[in-house]
Amino acid sequence: MIRFLFRRLMWFVVTMAVVMSVSFFLMKNVKGGPFDTERALEPAIEANIQARYHLDWPLWKQFLHYTGPFNLDERGLGGSGKKLWGGVLSGDFGPSFRYRDFTVNDIIGQALPISALLGVVSMMWALALGVSTGIASALRRGSGLDLALRLAATGGIALPNFVIAGFLIILFVFLIPLLPVAGWGSTKEMLLPGFCLGLVYAAYVARLTRTGMLEALSQDHIRTAQAKGLSPRTVVLRHALKGGLLPVVSYLGPATAGILTGSLVIERIFFIPGLGSHFVNSASNRDYTLAMGVTILYTVLVYTLNTVVDLAYTLLDPRIDLAEEA
Amino acid sequence: MSASKSKRFDLDEADAERLLREAREHKGISLWQDASRRLRRNRPSWYALVFLIGFGLLSFLAPLLPLRSPVRSNLDITLSAPTLDGGDSNYLATLDPQADSTTITREIEKDYWELSGMDHGLISLRRGIFGSWQTGHWLGTDHLGRDLLSRIVWGSRTSILVSLAAALCSLLIGVFYGSFSGLAGGRIDNLMMRIVDILYSIPFIFVVIFLITLIGDHRQVLEEEWGLDREKVFYLVIGAVYWLTMARVVRGQVLSLKHTEFVQAARVMGASTLHILGRHIVPNVLSVVIVYLTLTIPAVMLFEAFLSFLGLGVEPPRVSWGLIAVDGTSAINPLRIHWWVVVFPALAMGSTLLALNVLGDGLRDALDPKMRGKE
């Protein structure tokens with residue numbers, strides 16, 4: 001276990017190094033910066049701006065300053081001398097290039113809770129819908145219900161979430177005015193975006209649950225449990241479900257990653273001021289520090305969540321040995 | 001087999017002859033024969049395949065169909081509902097038939113965008129067949145009064161082309177990387193797969209968006225020096241993202257095939273490496289590759305729609321399904337419900353993606369060696 005975590009940590013460092021350096025050098029190689037305006041700036045002003053964001057430094061120095069392994073700043077290596085590292089390593093993503101009075105940390109601090117909440121709501125939708133329909137379909141295998149649910153699941157996978165969002169907005173906002181069309185804050189406002197975002201994953205979860213449950217229900221210990229005279233309900237919920245949900249657990253990692261990135265679109269449709277909309281805006285505004293900050297943050301999140309899911313998997317399935325997997 | 005050889009196995013001549021005859025009479029079924037038979041028996045997949053072929057033809061022959069211009073807007077009839085009228089005869093009505101070919105080309109491209117020579121050929125064939133007759137607004141119009149039917153058909157071309165090209169691109173990278181890794185084995189294999197693992201844990205959508213906006217700045221250089229327009233860059237970028245799973249799958253397959261009994265048997269019988277590769281490894285890898293290809297295409301199609309939604313995909317005047325769907329969702333408003341701008345693009349996209357998914361699943365079952373000869 002320790003060894004597994006250690007190896008994961010090592011690969012994490014490598015991954016982060018790759019992500020940071022690739023995006024940093026790509027970004028620096030681009031013509032046209034965030035400060036290009038229609039009117040040419042006075043040379044003195046431009047020099048000032050360049051100095052403010054350290055754009056006048058050589059590239060390697062900027063990179064070190066941004067990532068911050070030696071706490072390099074105006075005063076040279078070691079900087080203020082209090083800390084051994086600064087920059088991204090200390091969780092400081094630097095100032096935003098576009099929103100002049102904000103640092104990237106301020107913006108992330110505002111937007112991340114919103115995106116995280118949206119993610120949690122849609123994950124709950126995905127699991128609740130997916131697991132329940134998956135079990136229903138496995139128990140009534142081959143019936144009309146099973147067929148209908150499977151067809152709906154394939155449809156849910158096939159349509160892009162913004163199209164589904166369009167349908168649902170027409171249905172639940174305009175035809176049957178139940179829900180607000182956009183905005184963020186109240187529970188009512190979270191229902192629709194969460195549902196739209198979670199639907200695709202609900203479809204996958206339903207598929208996985210169905211297969212997993214069918215497999216689990218055909219096992220010997222289920223027959224034993226039935227022979228013991230346990231009620232069908234206990235057999236399904238206590239004995240079959242544990243094994244049947246294993247594939248779902250391993251899917252949670254990719255699903256979380258997908259929900260995080262899928263929120264780019266959903267946040268735009270429902271005008272939710274989350275991290276996704278900030279990222280898209282920052283990329284088109286060339287607000288490089290913000291775009292990089294969000295990319296790095298998401299990489300960390302996805303990596304951590306995947307590791308957690310792998311750990312959870314071993315807790316559920318004792319047959320898996322992490323030392324081998326790592 | 002000669003008599004002396006059969007003696008070695010303690011068989012007499014008659015026995016050996018009988019065995020050989022039996023073996024000759026037993027007619028083997030190739031993987032592909034078996035797969036196509038099973039695919040045909042799997043009704044949904046078969047229908048999906050037929051649908052896709054039909055749809056592919058329709059979209060390929062779009063210039064031949066008497067459709068309206070997909071880009072010409074008419075602000076008098078914005079967001080008009082679908083009607084089943086008989087159409088009109090205004091298609092390229094102002095075009096002077098006596099004009100020279102460059103003028104004609106230019107005039108036609110005003111109603112489309114830069115078209116290939118073959119498309120121009122198809123359009124002139126269409127003008128020969130249908131004259132200046134064009135369909136009515138059978139599926140309604142969008143917020144600029146453009147014909148939805150024509151946009152959907154022409155958009156399918158872009159979407160299908162982008163997804164095919166990107167999927168093929170990912171296939172090339174994935175198959176080369178994966179088979180090299182699998183064949184090399186050992187340390188090289190380990191290292192190559194670690195690199196794939198690292199790439200897997202990068203949230204690619206962010207990187208792609210980042211890349212595409214960056215490439216936007218280098219556009220002129222790319223176009224002039226490398227001959228890459230935005231669409232080609234698009235295929236390459238998406239292909240460069242989607243090869244990971246393909247590489248993993250191919251590598252796994254090659255690795256397990258290397259040690260299978262039939263490959264070892266072939267080796268023992270003295271077959272050359274080339275023969276083993278061609279007869280045993282490639283066909284078996286190919287089946288997995290095809291399955292993943294049919295599953296990659298819908299994924300890419302969705303991704304194109306996703307990028308178009310964010311304004312980073314295909315650029316107007318060209319149309320793609322992603323763009324049409326975006327126009328549709330942005331036309332939603334509480335006062336009047338223009339259902340057709342949402343429903344028809346969604347139907348076209350949904351049915352194609354559904355068919356691709358069903359076909360992919362069917363192919364996976366049909367090509368699964370464990371299911372061979374079974375129902």
# chains A, B, ... in the order shown; residues from 1 in each chain; ligands from 1
$ select_by_dssp --residues "region 81-326 of chain A" --states "alpha helix (DSSP H)" --output "ChimeraX atom specification"
/A:104-139,144-158,161-169,187-217,220-227,232-234,241-244,246-269,275-285,288-316,322-325
$ interface_residues --of "chain A" --to "chain B" --cutoff "9 Å" --atoms "only C-alpha atoms" --output "ChimeraX atom specification"
/A:11-12,14-16,18-19,23,26-27,29-32,154-155,157-167,169-170,173-175,257-258,261-262,264-265,268-269,279-280,283-284,286,291-292,294-296,298-300,302-303,306
$ residues_around --residues "Ala138 (chain A)" --least-positions-apart "3" --cutoff "6 Å" --atoms "only C-alpha atoms" --output "PyMOL selection string"
chain A and resi 135+141+210+214
$ write_last_selection --atoms "N, CA, C and O atoms" --output "PDB file, in the first residue's frame"
ATOM      1  N   ILE A 135     -29.736  -2.034 -11.849  1.00  0.00           N
ATOM      2  CA  ILE A 135     -30.233  -3.173 -11.074  1.00  0.00           C
ATOM      3  C   ILE A 135     -31.571  -3.638 -11.637  1.00  0.00           C
ATOM      4  O   ILE A 135     -31.789  -4.839 -11.854  1.00  0.00           O
ATOM      5  N   ARG A 141     -34.067  -9.091 -16.652  1.00  0.00           N
ATOM      6  CA  ARG A 141     -33.310  -9.284 -17.879  1.00  0.00           C
ATOM      7  C   ARG A 141     -34.177  -9.814 -19.022  1.00  0.00           C
ATOM      8  O   ARG A 141     -34.938 -10.756 -18.839  1.00  0.00           O
ATOM      9  N   ARG A 210     -25.559  -3.205 -14.782  1.00  0.00           N
ATOM     10  CA  ARG A 210     -26.306  -4.329 -15.337  1.00  0.00           C
ATOM     11  C   ARG A 210     -25.390  -5.525 -15.535  1.00  0.00           C
ATOM     12  O   ARG A 210     -25.675  -6.622 -15.070  1.00  0.00           O
ATOM     13  N   LEU A 214     -25.502  -8.969 -13.314  1.00  0.00           N
ATOM     14  CA  LEU A 214     -25.783 -10.261 -13.964  1.00  0.00           C
ATOM     15  C   LEU A 214     -24.698 -11.262 -13.610  1.00  0.00           C
ATOM     16  O   LEU A 214     -24.971 -12.416 -13.296  1.00  0.00           O
TER      17      LEU A 214
END
$ closest_residue --among "A:Leu290, A:His54, A:Gln62, A:Ile114" --to "Ser186 (chain A)" --atoms "only C-alpha atoms"
A:Ile114
$ residues_around --residues "Tyr201 (chain A)" --least-positions-apart "5" --cutoff "12 Å" --atoms "only C-alpha atoms" --output "PyMOL selection string"
chain A and resi 119+122-131+153-158+160-161+194-196+206-209+248+251-260+262
$ write_last_selection --atoms "N, CA, C and O atoms" --output "short mmCIF file (atom, residue, chain, number, x, y, z; two decimals), in the first residue's frame"
data_model
loop_
_atom_site.label_atom_id
_atom_site.label_comp_id
_atom_site.auth_asym_id
_atom_site.auth_seq_id
_atom_site.Cartn_x
_atom_site.Cartn_y
_atom_site.Cartn_z
N GLY A 119 -20.32 19.38 -9.87
CA GLY A 119 -19.82 18.02 -10.09
C GLY A 119 -20.45 17.02 -9.13
O GLY A 119 -20.84 15.94 -9.54
N SER A 122 -24.06 16.34 -10.10
CA SER A 122 -24.25 15.48 -11.27
C SER A 122 -23.78 14.07 -10.99
O SER A 122 -24.36 13.11 -11.51
N MET A 123 -22.75 13.93 -10.15
CA MET A 123 -22.32 12.58 -9.78
C MET A 123 -23.42 11.86 -9.04
O MET A 123 -23.65 10.66 -9.24
N MET A 124 -24.12 12.60 -8.17
CA MET A 124 -25.22 11.98 -7.44
C MET A 124 -26.32 11.54 -8.39
O MET A 124 -26.85 10.43 -8.28
N TRP A 125 -26.65 12.40 -9.34
CA TRP A 125 -27.62 12.02 -10.36
C TRP A 125 -27.16 10.76 -11.08
O TRP A 125 -27.94 9.82 -11.26
N ALA A 126 -25.89 10.78 -11.52
CA ALA A 126 -25.37 9.66 -12.31
C ALA A 126 -25.47 8.36 -11.53
O ALA A 126 -25.94 7.35 -12.05
N LEU A 127 -25.05 8.40 -10.25
CA LEU A 127 -25.05 7.16 -9.47
C LEU A 127 -26.48 6.72 -9.16
O LEU A 127 -26.81 5.54 -9.30
N ALA A 128 -27.32 7.66 -8.72
CA ALA A 128 -28.68 7.29 -8.34
C ALA A 128 -29.42 6.70 -9.53
O ALA A 128 -29.98 5.60 -9.46
N LEU A 129 -29.39 7.42 -10.64
CA LEU A 129 -30.08 6.94 -11.84
C LEU A 129 -29.46 5.67 -12.39
O LEU A 129 -30.15 4.69 -12.67
N GLY A 130 -28.13 5.70 -12.51
CA GLY A 130 -27.43 4.60 -13.16
C GLY A 130 -27.57 3.30 -12.38
O GLY A 130 -27.94 2.27 -12.94
N VAL A 131 -27.30 3.35 -11.07
CA VAL A 131 -27.33 2.12 -10.29
C VAL A 131 -28.75 1.57 -10.23
O VAL A 131 -28.97 0.37 -10.44
N ALA A 153 -30.16 4.16 -22.37
CA ALA A 153 -28.76 4.34 -22.00
C ALA A 153 -27.91 4.59 -23.23
O ALA A 153 -27.06 5.49 -23.24
N THR A 154 -28.14 3.82 -24.29
CA THR A 154 -27.36 4.05 -25.51
C THR A 154 -27.64 5.43 -26.07
O THR A 154 -26.73 6.12 -26.53
N GLY A 155 -28.92 5.85 -26.00
CA GLY A 155 -29.25 7.20 -26.46
C GLY A 155 -28.55 8.26 -25.64
O GLY A 155 -28.04 9.24 -26.16
N GLY A 156 -28.50 8.03 -24.33
CA GLY A 156 -27.84 8.99 -23.44
C GLY A 156 -26.36 9.11 -23.75
O GLY A 156 -25.78 10.18 -23.64
N ILE A 157 -25.76 7.99 -24.19
CA ILE A 157 -24.34 8.05 -24.54
C ILE A 157 -24.16 8.74 -25.88
O ILE A 157 -23.20 9.45 -26.10
N ALA A 158 -25.15 8.54 -26.77
CA ALA A 158 -24.97 9.00 -28.14
C ALA A 158 -25.14 10.51 -28.31
O ALA A 158 -24.54 11.10 -29.19
N PRO A 160 -24.82 14.52 -27.51
CA PRO A 160 -23.98 15.44 -26.74
C PRO A 160 -24.79 16.13 -25.65
O PRO A 160 -25.98 16.36 -25.83
N ASN A 161 -24.14 16.46 -24.55
CA ASN A 161 -24.93 16.93 -23.41
C ASN A 161 -25.57 18.29 -23.65
O ASN A 161 -26.60 18.60 -23.07
N GLY A 194 -27.11 19.79 -13.24
CA GLY A 194 -26.53 18.56 -12.69
C GLY A 194 -27.02 17.35 -13.45
O GLY A 194 -26.24 16.45 -13.78
N PHE A 195 -28.31 17.35 -13.77
CA PHE A 195 -28.88 16.22 -14.50
C PHE A 195 -28.26 16.10 -15.88
O PHE A 195 -27.85 15.02 -16.30
N CYS A 196 -28.20 17.23 -16.60
CA CYS A 196 -27.66 17.21 -17.96
C CYS A 196 -26.21 16.72 -17.97
O CYS A 196 -25.80 15.96 -18.84
N ALA A 206 -25.26 2.66 -15.63
CA ALA A 206 -26.35 1.69 -15.77
C ALA A 206 -25.86 0.46 -16.51
O ALA A 206 -26.13 -0.67 -16.10
N ARG A 207 -25.12 0.68 -17.59
CA ARG A 207 -24.57 -0.46 -18.34
C ARG A 207 -23.68 -1.33 -17.47
O ARG A 207 -23.80 -2.55 -17.45
N LEU A 208 -22.76 -0.65 -16.77
CA LEU A 208 -21.80 -1.39 -15.95
C LEU A 208 -22.50 -2.13 -14.83
O LEU A 208 -22.17 -3.28 -14.52
N THR A 209 -23.49 -1.46 -14.20
CA THR A 209 -24.20 -2.11 -13.10
C THR A 209 -24.94 -3.33 -13.61
O THR A 209 -24.93 -4.39 -12.98
N VAL A 248 -18.44 -0.49 -11.46
CA VAL A 248 -18.85 0.91 -11.34
C VAL A 248 -17.78 1.70 -10.59
O VAL A 248 -17.44 2.82 -10.98
N TYR A 251 -15.03 2.68 -12.64
CA TYR A 251 -15.39 3.68 -13.64
C TYR A 251 -15.48 5.08 -13.03
O TYR A 251 -15.47 6.07 -13.75
N LEU A 252 -15.54 5.15 -11.70
CA LEU A 252 -15.73 6.46 -11.06
C LEU A 252 -14.60 7.44 -11.39
O LEU A 252 -14.84 8.63 -11.53
N GLY A 253 -13.38 6.94 -11.50
CA GLY A 253 -12.26 7.83 -11.79
C GLY A 253 -12.44 8.54 -13.13
O GLY A 253 -12.51 9.77 -13.18
N PRO A 254 -12.55 7.77 -14.23
CA PRO A 254 -12.81 8.41 -15.52
C PRO A 254 -14.08 9.26 -15.52
O PRO A 254 -14.12 10.32 -16.15
N ALA A 255 -15.10 8.80 -14.80
CA ALA A 255 -16.36 9.56 -14.78
C ALA A 255 -16.15 10.92 -14.14
O ALA A 255 -16.64 11.94 -14.64
N THR A 256 -15.40 10.96 -13.04
CA THR A 256 -15.17 12.25 -12.40
C THR A 256 -14.41 13.18 -13.33
O THR A 256 -14.74 14.37 -13.45
N ALA A 257 -13.41 12.61 -13.99
CA ALA A 257 -12.65 13.43 -14.93
C ALA A 257 -13.57 13.98 -16.01
O ALA A 257 -13.52 15.15 -16.37
N GLY A 258 -14.45 13.11 -16.51
CA GLY A 258 -15.37 13.53 -17.56
C GLY A 258 -16.34 14.59 -17.07
O GLY A 258 -16.64 15.55 -17.79
N ILE A 259 -16.83 14.43 -15.86
CA ILE A 259 -17.77 15.42 -15.33
C ILE A 259 -17.07 16.76 -15.15
O ILE A 259 -17.61 17.81 -15.50
N LEU A 260 -15.84 16.72 -14.68
CA LEU A 260 -15.10 17.97 -14.50
C LEU A 260 -14.94 18.70 -15.83
O LEU A 260 -15.16 19.90 -15.93
N GLY A 262 -16.67 18.04 -18.69
CA GLY A 262 -17.96 18.29 -19.33
C GLY A 262 -18.60 19.56 -18.84
O GLY A 262 -19.42 20.17 -19.52
#
$ atom_distance --atom1 "CA of Phe180 (chain B)" --atom2 "CA of Val254 (chain B)"
9.0 Å
$ residues_around --residues "Tyr47 (chain B)" --least-positions-apart "5" --cutoff "9 Å" --atoms "only C-alpha atoms" --output "ChimeraX atom specification"
/B:40,42,52,355,359
$ write_last_selection --atoms "N, CA, C and O atoms" --output "PDB file, in the first residue's frame"
ATOM      1  N   ARG B  40     -24.404 -10.338 -39.423  1.00  0.00           N
ATOM      2  CA  ARG B  40     -25.655 -10.283 -40.151  1.00  0.00           C
ATOM      3  C   ARG B  40     -26.792 -10.842 -39.301  1.00  0.00           C
ATOM      4  O   ARG B  40     -27.929 -10.450 -39.437  1.00  0.00           O
ATOM      5  N   ASN B  42     -26.965 -10.494 -36.128  1.00  0.00           N
ATOM      6  CA  ASN B  42     -27.258  -9.522 -35.078  1.00  0.00           C
ATOM      7  C   ASN B  42     -28.005  -8.360 -35.727  1.00  0.00           C
ATOM      8  O   ASN B  42     -27.410  -7.438 -36.262  1.00  0.00           O
ATOM      9  N   LEU B  52     -25.697   3.438 -41.781  1.00  0.00           N
ATOM     10  CA  LEU B  52     -24.486   4.251 -41.883  1.00  0.00           C
ATOM     11  C   LEU B  52     -23.992   4.338 -43.313  1.00  0.00           C
ATOM     12  O   LEU B  52     -23.565   5.406 -43.767  1.00  0.00           O
ATOM     13  N   ALA B 355     -26.140   4.659 -34.197  1.00  0.00           N
ATOM     14  CA  ALA B 355     -25.824   3.584 -35.134  1.00  0.00           C
ATOM     15  C   ALA B 355     -24.363   3.178 -34.992  1.00  0.00           C
ATOM     16  O   ALA B 355     -24.038   1.983 -34.991  1.00  0.00           O
ATOM     17  N   LEU B 359     -23.196  -0.472 -33.910  1.00  0.00           N
ATOM     18  CA  LEU B 359     -22.328  -1.223 -34.808  1.00  0.00           C
ATOM     19  C   LEU B 359     -21.046  -1.630 -34.088  1.00  0.00           C
ATOM     20  O   LEU B 359     -20.581  -2.764 -34.221  1.00  0.00           O
TER      21      LEU B 359
END
$ decode --residues "region 53-65 of chain A" --atoms "all heavy atoms" --output "PDB file, in the first residue's frame"
ATOM      1  N   TYR A  53       5.199  41.629 -14.822  1.00  0.00           N
ATOM      2  CA  TYR A  53       4.945  40.200 -14.937  1.00  0.00           C
ATOM      3  C   TYR A  53       6.208  39.409 -15.269  1.00  0.00           C
ATOM      4  O   TYR A  53       6.121  38.268 -15.692  1.00  0.00           O
ATOM      5  CB  TYR A  53       3.857  39.947 -15.985  1.00  0.00           C
ATOM      6  CG  TYR A  53       2.528  40.541 -15.591  1.00  0.00           C
ATOM      7  CD1 TYR A  53       2.053  41.704 -16.170  1.00  0.00           C
ATOM      8  CD2 TYR A  53       1.762  39.929 -14.601  1.00  0.00           C
ATOM      9  CE1 TYR A  53       0.845  42.251 -15.789  1.00  0.00           C
ATOM     10  CE2 TYR A  53       0.554  40.472 -14.210  1.00  0.00           C
ATOM     11  CZ  TYR A  53       0.100  41.643 -14.804  1.00  0.00           C
ATOM     12  OH  TYR A  53      -1.095  42.167 -14.411  1.00  0.00           O
ATOM     13  N   HIS A  54       7.353  40.033 -15.118  1.00  0.00           N
ATOM     14  CA  HIS A  54       8.645  39.374 -15.363  1.00  0.00           C
ATOM     15  C   HIS A  54       8.774  38.864 -16.780  1.00  0.00           C
ATOM     16  O   HIS A  54       9.454  37.881 -17.025  1.00  0.00           O
ATOM     17  CB  HIS A  54       8.852  38.207 -14.390  1.00  0.00           C
ATOM     18  CG  HIS A  54       8.698  38.612 -12.960  1.00  0.00           C
ATOM     19  ND1 HIS A  54       9.503  39.544 -12.365  1.00  0.00           N
ATOM     20  CD2 HIS A  54       7.818  38.220 -12.022  1.00  0.00           C
ATOM     21  CE1 HIS A  54       9.113  39.715 -11.112  1.00  0.00           C
ATOM     22  NE2 HIS A  54       8.095  38.933 -10.868  1.00  0.00           N
ATOM     23  N   LEU A  55       8.095  39.525 -17.731  1.00  0.00           N
ATOM     24  CA  LEU A  55       8.176  39.041 -19.099  1.00  0.00           C
ATOM     25  C   LEU A  55       9.499  39.416 -19.746  1.00  0.00           C
ATOM     26  O   LEU A  55       9.820  38.939 -20.831  1.00  0.00           O
ATOM     27  CB  LEU A  55       7.011  39.592 -19.938  1.00  0.00           C
ATOM     28  CG  LEU A  55       5.643  39.129 -19.466  1.00  0.00           C
ATOM     29  CD1 LEU A  55       4.546  39.805 -20.247  1.00  0.00           C
ATOM     30  CD2 LEU A  55       5.521  37.626 -19.588  1.00  0.00           C
ATOM     31  N   ASP A  56      10.260  40.311 -19.095  1.00  0.00           N
ATOM     32  CA  ASP A  56      11.546  40.701 -19.666  1.00  0.00           C
ATOM     33  C   ASP A  56      12.657  39.723 -19.291  1.00  0.00           C
ATOM     34  O   ASP A  56      13.775  39.854 -19.760  1.00  0.00           O
ATOM     35  CB  ASP A  56      11.895  42.128 -19.207  1.00  0.00           C
ATOM     36  CG  ASP A  56      11.722  42.305 -17.710  1.00  0.00           C
ATOM     37  OD1 ASP A  56      11.124  41.406 -17.075  1.00  0.00           O
ATOM     38  OD2 ASP A  56      12.184  43.330 -17.170  1.00  0.00           O
ATOM     39  N   TRP A  57      12.348  38.781 -18.439  1.00  0.00           N
ATOM     40  CA  TRP A  57      13.375  37.808 -18.060  1.00  0.00           C
ATOM     41  C   TRP A  57      13.577  36.788 -19.154  1.00  0.00           C
ATOM     42  O   TRP A  57      12.679  36.573 -19.965  1.00  0.00           O
ATOM     43  CB  TRP A  57      12.942  37.054 -16.792  1.00  0.00           C
ATOM     44  CG  TRP A  57      12.996  37.875 -15.543  1.00  0.00           C
ATOM     45  CD1 TRP A  57      13.330  39.185 -15.449  1.00  0.00           C
ATOM     46  CD2 TRP A  57      12.662  37.433 -14.237  1.00  0.00           C
ATOM     47  NE1 TRP A  57      13.247  39.599 -14.146  1.00  0.00           N
ATOM     48  CE2 TRP A  57      12.830  38.537 -13.375  1.00  0.00           C
ATOM     49  CE3 TRP A  57      12.253  36.219 -13.687  1.00  0.00           C
ATOM     50  CZ2 TRP A  57      12.611  38.458 -12.007  1.00  0.00           C
ATOM     51  CZ3 TRP A  57      12.030  36.143 -12.331  1.00  0.00           C
ATOM     52  CH2 TRP A  57      12.212  37.254 -11.499  1.00  0.00           C
ATOM     53  N   PRO A  58      14.746  36.106 -19.144  1.00  0.00           N
ATOM     54  CA  PRO A  58      14.904  34.978 -20.078  1.00  0.00           C
ATOM     55  C   PRO A  58      13.930  33.855 -19.709  1.00  0.00           C
ATOM     56  O   PRO A  58      13.473  33.760 -18.567  1.00  0.00           O
ATOM     57  CB  PRO A  58      16.351  34.542 -19.886  1.00  0.00           C
ATOM     58  CG  PRO A  58      16.801  35.163 -18.619  1.00  0.00           C
ATOM     59  CD  PRO A  58      15.981  36.398 -18.411  1.00  0.00           C
ATOM     60  N   LEU A  59      13.649  33.007 -20.703  1.00  0.00           N
ATOM     61  CA  LEU A  59      12.593  32.000 -20.524  1.00  0.00           C
ATOM     62  C   LEU A  59      12.823  31.065 -19.343  1.00  0.00           C
ATOM     63  O   LEU A  59      11.920  30.808 -18.552  1.00  0.00           O
ATOM     64  CB  LEU A  59      12.483  31.158 -21.799  1.00  0.00           C
ATOM     65  CG  LEU A  59      11.336  31.514 -22.739  1.00  0.00           C
ATOM     66  CD1 LEU A  59      11.234  30.463 -23.821  1.00  0.00           C
ATOM     67  CD2 LEU A  59      10.019  31.624 -21.997  1.00  0.00           C
ATOM     68  N   TRP A  60      14.049  30.568 -19.228  1.00  0.00           N
ATOM     69  CA  TRP A  60      14.312  29.588 -18.166  1.00  0.00           C
ATOM     70  C   TRP A  60      14.041  30.202 -16.803  1.00  0.00           C
ATOM     71  O   TRP A  60      13.525  29.575 -15.889  1.00  0.00           O
ATOM     72  CB  TRP A  60      15.739  29.050 -18.247  1.00  0.00           C
ATOM     73  CG  TRP A  60      16.814  30.109 -18.039  1.00  0.00           C
ATOM     74  CD1 TRP A  60      17.414  30.833 -19.010  1.00  0.00           C
ATOM     75  CD2 TRP A  60      17.366  30.544 -16.799  1.00  0.00           C
ATOM     76  NE1 TRP A  60      18.311  31.705 -18.476  1.00  0.00           N
ATOM     77  CE2 TRP A  60      18.304  31.544 -17.118  1.00  0.00           C
ATOM     78  CE3 TRP A  60      17.175  30.183 -15.471  1.00  0.00           C
ATOM     79  CZ2 TRP A  60      19.048  32.200 -16.134  1.00  0.00           C
ATOM     80  CZ3 TRP A  60      17.914  30.834 -14.494  1.00  0.00           C
ATOM     81  CH2 TRP A  60      18.840  31.839 -14.836  1.00  0.00           C
ATOM     82  N   LYS A  61      14.350  31.518 -16.712  1.00  0.00           N
ATOM     83  CA  LYS A  61      14.161  32.199 -15.441  1.00  0.00           C
ATOM     84  C   LYS A  61      12.670  32.350 -15.152  1.00  0.00           C
ATOM     85  O   LYS A  61      12.203  32.125 -14.026  1.00  0.00           O
ATOM     86  CB  LYS A  61      14.818  33.574 -15.520  1.00  0.00           C
ATOM     87  CG  LYS A  61      15.534  33.980 -14.251  1.00  0.00           C
ATOM     88  CD  LYS A  61      16.334  35.238 -14.497  1.00  0.00           C
ATOM     89  CE  LYS A  61      16.538  35.993 -13.207  1.00  0.00           C
ATOM     90  NZ  LYS A  61      17.163  37.295 -13.431  1.00  0.00           N
ATOM     91  N   GLN A  62      11.906  32.700 -16.216  1.00  0.00           N
ATOM     92  CA  GLN A  62      10.461  32.808 -16.037  1.00  0.00           C
ATOM     93  C   GLN A  62       9.870  31.484 -15.601  1.00  0.00           C
ATOM     94  O   GLN A  62       8.993  31.432 -14.737  1.00  0.00           O
ATOM     95  CB  GLN A  62       9.805  33.231 -17.352  1.00  0.00           C
ATOM     96  CG  GLN A  62      10.049  34.667 -17.723  1.00  0.00           C
ATOM     97  CD  GLN A  62       9.243  35.024 -18.964  1.00  0.00           C
ATOM     98  OE1 GLN A  62       8.115  34.616 -19.129  1.00  0.00           O
ATOM     99  NE2 GLN A  62       9.849  35.797 -19.848  1.00  0.00           N
ATOM    100  N   PHE A  63      10.374  30.408 -16.225  1.00  0.00           N
ATOM    101  CA  PHE A  63       9.844  29.092 -15.898  1.00  0.00           C
ATOM    102  C   PHE A  63      10.115  28.737 -14.445  1.00  0.00           C
ATOM    103  O   PHE A  63       9.233  28.288 -13.707  1.00  0.00           O
ATOM    104  CB  PHE A  63      10.473  28.046 -16.829  1.00  0.00           C
ATOM    105  CG  PHE A  63       9.917  26.664 -16.643  1.00  0.00           C
ATOM    106  CD1 PHE A  63       8.587  26.397 -16.923  1.00  0.00           C
ATOM    107  CD2 PHE A  63      10.717  25.636 -16.179  1.00  0.00           C
ATOM    108  CE1 PHE A  63       8.061  25.128 -16.755  1.00  0.00           C
ATOM    109  CE2 PHE A  63      10.199  24.361 -16.004  1.00  0.00           C
ATOM    110  CZ  PHE A  63       8.876  24.117 -16.292  1.00  0.00           C
ATOM    111  N   LEU A  64      11.340  29.003 -14.018  1.00  0.00           N
ATOM    112  CA  LEU A  64      11.694  28.717 -12.625  1.00  0.00           C
ATOM    113  C   LEU A  64      10.852  29.557 -11.677  1.00  0.00           C
ATOM    114  O   LEU A  64      10.383  29.087 -10.648  1.00  0.00           O
ATOM    115  CB  LEU A  64      13.177  29.012 -12.379  1.00  0.00           C
ATOM    116  CG  LEU A  64      14.139  27.889 -12.730  1.00  0.00           C
ATOM    117  CD1 LEU A  64      15.538  28.245 -12.267  1.00  0.00           C
ATOM    118  CD2 LEU A  64      13.691  26.581 -12.111  1.00  0.00           C
ATOM    119  N   HIS A  65      10.648  30.806 -12.067  1.00  0.00           N
ATOM    120  CA  HIS A  65       9.858  31.698 -11.225  1.00  0.00           C
ATOM    121  C   HIS A  65       8.427  31.199 -11.123  1.00  0.00           C
ATOM    122  O   HIS A  65       7.834  31.180 -10.046  1.00  0.00           O
ATOM    123  CB  HIS A  65       9.870  33.113 -11.802  1.00  0.00           C
ATOM    124  CG  HIS A  65       8.963  34.052 -11.079  1.00  0.00           C
ATOM    125  ND1 HIS A  65       9.204  34.484  -9.793  1.00  0.00           N
ATOM    126  CD2 HIS A  65       7.799  34.630 -11.452  1.00  0.00           C
ATOM    127  CE1 HIS A  65       8.228  35.289  -9.410  1.00  0.00           C
ATOM    128  NE2 HIS A  65       7.360  35.391 -10.394  1.00  0.00           N
TER     129      HIS A  65
END
